[in-house]
>>> print(open('my_file-v3.txt').read())   # compact mmCIF, C-alpha atoms
# COMPACT_ATOMS: atom_id res chain seq x y z
CA GLY N 1 -2.00 -12.08 -5.07
CA GLN N 2 -3.62 -9.19 -3.35
CA GLN N 3 -3.25 -9.00 0.40
CA VAL N 4 -5.29 -7.03 2.83
CA MET N 5 -3.51 -6.37 6.13
CA GLN N 6 -5.46 -5.38 9.19
CA ILE N 7 -4.21 -4.04 12.52
CA PRO N 8 -4.37 -4.40 15.39
CA GLN N 9 -5.24 -8.07 15.78
CA TYR N 10 -6.74 -7.45 19.23
CA GLN N 11 -7.95 -4.38 21.07
CA HIS N 12 -9.30 -4.24 24.59
CA VAL N 13 -10.90 -1.01 25.75
CA GLN N 14 -12.86 0.33 28.66
CA GLU N 15 -16.44 1.15 27.87
CA GLY N 16 -16.62 4.74 26.67
CA GLU N 17 -13.16 4.74 25.09
CA ASP N 18 -12.67 5.10 21.36
CA PHE N 19 -11.48 2.31 19.06
CA THR N 20 -9.88 2.29 15.63
CA THR N 21 -8.94 -0.54 13.30
CA TYR N 22 -6.87 -0.05 10.16
CA CYS N 23 -6.80 -1.88 6.88
CA ASN N 24 -4.02 -1.67 4.29
CA SER N 25 -3.83 -3.16 0.83
CA SER N 26 -0.80 -3.89 -1.35
CA THR N 27 -2.77 -2.71 -4.39
CA THR N 28 -5.31 -0.02 -5.18
CA LEU N 29 -8.82 -1.10 -4.34
CA SER N 30 -11.91 -0.32 -6.38
CA ASN N 31 -13.89 -0.50 -3.16
CA ILE N 32 -13.61 -1.79 0.38
CA GLN N 33 -16.19 -3.41 2.59
CA TRP N 34 -16.40 -3.74 6.36
CA TYR N 35 -18.06 -6.56 8.27
CA LYS N 36 -18.74 -7.26 11.93
CA GLN N 37 -18.85 -10.70 13.49
CA ARG N 38 -20.27 -11.03 16.97
CA PRO N 39 -18.88 -13.83 19.15
CA GLY N 40 -20.41 -17.11 17.97
CA GLY N 41 -22.06 -15.40 15.02
CA HIS N 42 -21.48 -14.87 11.35
CA PRO N 43 -20.03 -11.83 9.54
CA VAL N 44 -22.56 -9.12 8.87
CA PHE N 45 -22.05 -6.41 6.28
CA LEU N 46 -21.59 -2.91 7.69
CA ILE N 47 -20.65 -0.69 4.78
CA GLN N 48 -18.99 -0.35 1.41
CA LEU N 49 -16.70 2.55 0.46
CA VAL N 50 -16.05 3.31 -3.18
CA LYS N 51 -14.72 6.84 -3.64
CA SER N 52 -11.23 8.11 -2.90
CA GLY N 53 -11.23 9.96 0.44
CA GLU N 54 -14.77 8.87 1.21
CA VAL N 55 -16.02 9.18 4.79
CA LYS N 56 -19.23 7.57 5.94
CA LYS N 57 -20.84 7.53 9.36
CA GLN N 58 -23.21 5.12 11.02
CA LYS N 59 -24.10 6.52 14.43
CA ARG N 60 -20.89 6.10 16.47
CA LEU N 61 -19.01 4.35 13.63
CA THR N 62 -16.94 6.34 11.14
CA PHE N 63 -15.49 4.68 8.06
CA GLN N 64 -12.80 6.23 5.90
CA PHE N 65 -11.30 5.27 2.55
CA GLY N 66 -7.84 6.64 1.84
CA GLU N 67 -7.08 9.10 -0.91
CA ALA N 68 -4.96 6.52 -2.71
CA LYS N 69 -7.63 3.85 -2.16
CA LYS N 70 -5.09 1.56 -0.53
CA ASN N 71 -6.13 1.95 3.07
CA SER N 72 -9.21 2.28 5.17
CA SER N 73 -10.16 2.70 8.79
CA LEU N 74 -13.09 2.10 11.08
CA HIS N 75 -13.39 4.31 14.15
CA ILE N 76 -15.87 3.76 16.95
CA THR N 77 -16.54 6.65 19.30
CA ALA N 78 -17.39 5.91 22.92
CA THR N 79 -17.49 2.15 22.70
CA GLN N 80 -20.32 0.17 24.24
CA THR N 81 -20.49 -3.50 25.21
CA THR N 82 -22.66 -4.08 22.15
CA ASP N 83 -19.64 -3.20 19.98
CA VAL N 84 -17.84 -6.38 21.05
CA GLY N 85 -16.87 -8.58 18.12
CA THR N 86 -14.41 -9.01 15.29
CA TYR N 87 -14.28 -6.35 12.60
CA PHE N 88 -13.13 -7.36 9.13
CA CYS N 89 -12.24 -5.32 6.12
CA ALA N 90 -12.47 -6.93 2.69
CA GLY N 91 -11.22 -5.88 -0.71
CA PRO N 92 -12.05 -7.17 -4.18
CA GLY N 93 -9.79 -9.31 -6.29
CA SER N 94 -8.49 -8.51 -9.73
CA GLY N 95 -10.94 -6.88 -12.11
CA GLY N 96 -12.59 -4.90 -9.35
CA SER N 97 -15.48 -7.26 -8.84
CA ASN N 98 -16.01 -8.82 -5.48
CA TYR N 99 -16.02 -12.37 -6.76
CA LYS N 100 -12.66 -13.01 -5.08
CA LEU N 101 -13.16 -10.89 -2.03
CA THR N 102 -10.07 -10.97 0.21
CA PHE N 103 -10.62 -10.48 3.91
CA GLY N 104 -8.22 -9.04 6.41
CA LYS N 105 -7.58 -11.21 9.45
CA GLY N 106 -9.81 -9.03 11.54
CA THR N 107 -9.56 -7.04 14.74
CA LEU N 108 -11.14 -8.55 17.82
CA LEU N 109 -12.60 -5.83 20.02
CA THR N 110 -13.42 -6.54 23.64
CA VAL N 111 -15.03 -3.93 25.88
CA ASN N 112 -14.76 -3.86 29.64
CA PRO N 113 -17.99 -2.51 31.16
CA GLU O 114 -37.05 -13.48 4.98
CA ALA O 115 -33.89 -13.07 2.92
CA GLN O 116 -31.33 -15.53 4.13
CA VAL O 117 -28.51 -17.96 3.49
CA THR O 118 -29.17 -21.34 5.05
CA GLN O 119 -26.37 -23.72 5.90
CA ASN O 120 -26.69 -27.23 7.23
CA PRO O 121 -25.64 -28.81 9.45
CA ARG O 122 -24.70 -26.30 12.13
CA TYR O 123 -22.32 -28.73 13.80
CA LEU O 124 -20.69 -31.84 12.38
CA ILE O 125 -18.26 -34.33 13.86
CA THR O 126 -16.86 -36.93 11.53
CA VAL O 127 -13.89 -39.23 11.09
CA THR O 128 -11.01 -39.06 8.66
CA GLY O 129 -11.93 -40.26 5.19
CA LYS O 130 -15.69 -40.28 5.53
CA LYS O 131 -17.21 -38.24 2.73
CA LEU O 132 -19.46 -35.38 3.79
CA THR O 133 -21.47 -32.58 2.26
CA VAL O 134 -22.35 -29.23 3.78
CA THR O 135 -25.37 -27.68 2.13
CA CYS O 136 -25.93 -24.01 1.39
CA SER O 137 -29.05 -22.41 -0.02
CA GLN O 138 -30.02 -18.76 -0.59
CA ASN O 139 -33.42 -17.28 -1.41
CA MET O 140 -32.29 -13.91 -2.76
CA ASN O 141 -31.68 -14.88 -6.39
CA HIS O 142 -27.99 -14.05 -6.00
CA GLU O 143 -25.68 -14.95 -8.86
CA TYR O 144 -22.61 -15.17 -6.67
CA MET O 145 -21.98 -17.74 -3.96
CA SER O 146 -18.84 -18.56 -2.05
CA TRP O 147 -17.43 -20.77 0.67
CA TYR O 148 -15.03 -19.55 3.36
CA ARG O 149 -13.27 -21.25 6.20
CA GLN O 150 -12.41 -19.41 9.37
CA ASP O 151 -9.52 -20.46 11.57
CA PRO O 152 -8.08 -18.67 14.63
CA GLY O 153 -5.48 -16.13 13.63
CA LEU O 154 -6.08 -16.67 9.92
CA GLY O 155 -9.35 -14.85 9.39
CA LEU O 156 -11.69 -15.80 6.55
CA ARG O 157 -10.14 -17.62 3.63
CA GLN O 158 -12.01 -18.32 0.43
CA ILE O 159 -12.30 -21.95 -0.65
CA TYR O 160 -14.39 -21.84 -3.83
CA TYR O 161 -16.76 -19.43 -5.42
CA SER O 162 -19.38 -19.48 -8.14
CA MET O 163 -20.48 -16.65 -10.39
CA ASN O 164 -23.54 -18.45 -11.72
CA VAL O 165 -24.98 -21.86 -12.46
CA GLU O 166 -22.31 -24.28 -13.68
CA VAL O 167 -19.60 -21.62 -13.19
CA THR O 168 -17.22 -22.29 -10.31
CA ASP O 169 -13.63 -21.39 -9.56
CA LYS O 170 -10.98 -21.91 -6.92
CA GLY O 171 -10.39 -19.50 -4.12
CA ASP O 172 -7.26 -19.32 -2.01
CA VAL O 173 -7.50 -22.69 -0.24
CA PRO O 174 -9.34 -25.16 -2.53
CA GLU O 175 -7.32 -28.31 -1.82
CA GLY O 176 -9.44 -31.15 -0.45
CA TYR O 177 -12.77 -29.55 -1.36
CA LYS O 178 -15.25 -29.78 -4.20
CA VAL O 179 -18.28 -27.72 -5.05
CA SER O 180 -21.10 -27.78 -7.56
CA ARG O 181 -23.65 -25.23 -8.75
CA LYS O 182 -26.42 -27.07 -10.54
CA GLU O 183 -29.09 -24.65 -9.37
CA LYS O 184 -28.84 -20.94 -8.71
CA ARG O 185 -29.97 -21.19 -5.10
CA ASN O 186 -27.75 -24.08 -3.96
CA PHE O 187 -23.99 -24.35 -3.55
CA PRO O 188 -22.95 -27.45 -1.61
CA LEU O 189 -19.43 -27.97 -0.27
CA ILE O 190 -18.13 -31.52 -0.57
CA LEU O 191 -15.26 -33.06 1.34
CA GLU O 192 -14.53 -36.36 -0.42
CA SER O 193 -12.00 -37.56 2.14
CA PRO O 194 -11.90 -35.23 5.15
CA SER O 195 -8.71 -34.89 7.14
CA PRO O 196 -8.09 -33.36 10.58
CA ASN O 197 -6.61 -30.20 9.05
CA GLN O 198 -10.04 -29.47 7.62
CA THR O 199 -11.43 -29.02 11.10
CA SER O 200 -12.70 -25.47 10.91
CA LEU O 201 -15.67 -23.11 10.94
CA TYR O 202 -17.18 -22.89 7.47
CA PHE O 203 -19.31 -20.09 6.09
CA CYS O 204 -21.31 -19.92 2.92
CA ALA O 205 -22.04 -16.47 1.50
CA SER O 206 -23.92 -15.01 -1.44
CA SER O 207 -24.39 -11.68 -3.17
CA PHE O 208 -25.36 -10.01 -6.39
CA LEU O 209 -22.40 -10.01 -8.73
CA GLN O 210 -22.32 -6.45 -9.95
CA GLY O 211 -23.57 -3.03 -9.06
CA PRO O 212 -24.00 -1.28 -5.72
CA ASN O 213 -25.40 -4.29 -3.89
CA GLU O 214 -22.42 -6.59 -3.84
CA LYS O 215 -22.47 -7.00 -0.10
CA LEU O 216 -22.11 -10.56 1.08
CA PHE O 217 -24.82 -12.29 3.06
CA PHE O 218 -23.40 -15.05 5.24
CA GLY O 219 -24.96 -18.22 6.51
CA SER O 220 -24.82 -19.05 10.22
CA GLY O 221 -21.80 -21.30 9.79
CA THR O 222 -20.93 -24.98 10.11
CA GLN O 223 -18.49 -26.05 12.78
CA LEU O 224 -16.74 -29.14 11.45
CA SER O 225 -14.53 -31.43 13.49
CA VAL O 226 -12.63 -34.20 11.73
CA LEU O 227 -11.23 -36.82 14.10
>>> encode(input="my_file-v3.txt", output="structure tokens")
Amino acid sequence: GQQVMQIPQYQHVQEGEDFTTYCNSSTTLSNIQWYKQRPGGHPVFLIQLVKSGEVKKQKRLTFQFGEAKKNSSLHITATQTTDVGTYFCAGPGSGGSNYKLTFGKGTLLTVNP
Amino acid sequence: EAQVTQNPRYLITVTGKKLTVTCSQNMNHEYMSWYRQDPGLGLRQIYYSMNVEVTDKGDVPEGYKVSRKEKRNFPLILESPSPNQTSLYFCASSFLQGPNEKLFFGSGTQLSVL
């Protein structure tokens, strides 16, 4: 079945440093979603990317979808302590619909103030 | 307020004692799903449902049952829990098609099976 690989597993940064997490799929994705889970919380939807080469920004967060639609990245500029949490990418199962959404294992970001 | 409600938030039980974790959503979503989250393994799908009376297995369905008799409810049933089912469980829902397929997650149920 489809696998979604995410690296790194952990990332510790000093406040103000940048952070990037990468997501790679074994198959072409119709879309990719990103979620954030704060410590002790539940995953919260951040964004969905659909188009090849798409780049979307949310304040200090930049999301990219690869040209081949097999990889994606999330980049945070000048991290803050509020960015702490686990970031997950998720890709749809066969048929393109999200009914069998497969999550990467996540990247845990910690920020030293 | 649009939300997915899971109960209970915490549950400690013993091996073999049947339990049910409830999940309800008020957004008229067709799609509902259960995930378990374990350290180092991320979120793994247990079962999902595309509509009333339509359910299917996810990646780790063994030892679990679900039902979807009403659109808003999707309970997770452990007929005979075992210690390896100790985990953090999340229910999630979404619209099935179109641009709004983002998942809304419940607050989670931390289950410990002794």
>>> atom_distance(input="my_file-v3.txt", atom1="CA of Asp151 (chain O)", atom2="CA of Leu201 (chain O)")
6.7 Å
>>> closest_residue(input="my_file-v3.txt", among="O:Ser162, O:Ser180, O:Ser200, O:Asn186", to="chain N", atoms="all atoms listed in the file")
O:Ser162
>>> interface_residues(input="my_file-v3.txt", of="chain N", to="chain O", cutoff="8 Å", atoms="all atoms listed in the file", output="list of chain:residue names")
N:Gln33, N:Gly41, N:His42, N:Pro43, N:Val44, N:Phe45, N:Gln48, N:Ser97, N:Asn98, N:Tyr99, N:Lys100, N:Leu101, N:Thr102, N:Phe103, N:Gly104, N:Lys105, N:Gly106
>>> closest_residue(input="my_file-v3.txt", among="N:Ser26, N:Ile32, N:Val50, N:Gly16", to="Thr82 (chain N)", atoms="all atoms listed in the file")
N:Gly16
>>> axis_aligned_box(input="my_file-v3.txt", around="region 7-21 of chain N", padding_each_side="3 Å", output="lines of an AutoDock Vina configuration file")
center_x = -10.4
center_y = -1.5
center_z = 20.6
size_x = 18.4
size_y = 19.2
size_z = 22.1
>>> atom_distance(input="my_file-v3.txt", atom1="CA of Ile190 (chain O)", atom2="CA of Gln138 (chain O)")
17.4 Å
>>> residues_around(input="my_file-v3.txt", residues="Ile47 (chain N)", least_positions_apart="4", cutoff="10 Å", atoms="all atoms listed in the file", output="number ranges by chain")
N: 32-36, 56-58, 63, 89; O: 215
>>> atom_distance(input="my_file-v3.txt", atom1="CA of Asn71 (chain N)", atom2="CA of Ala90 (chain N)")
10.9 Å
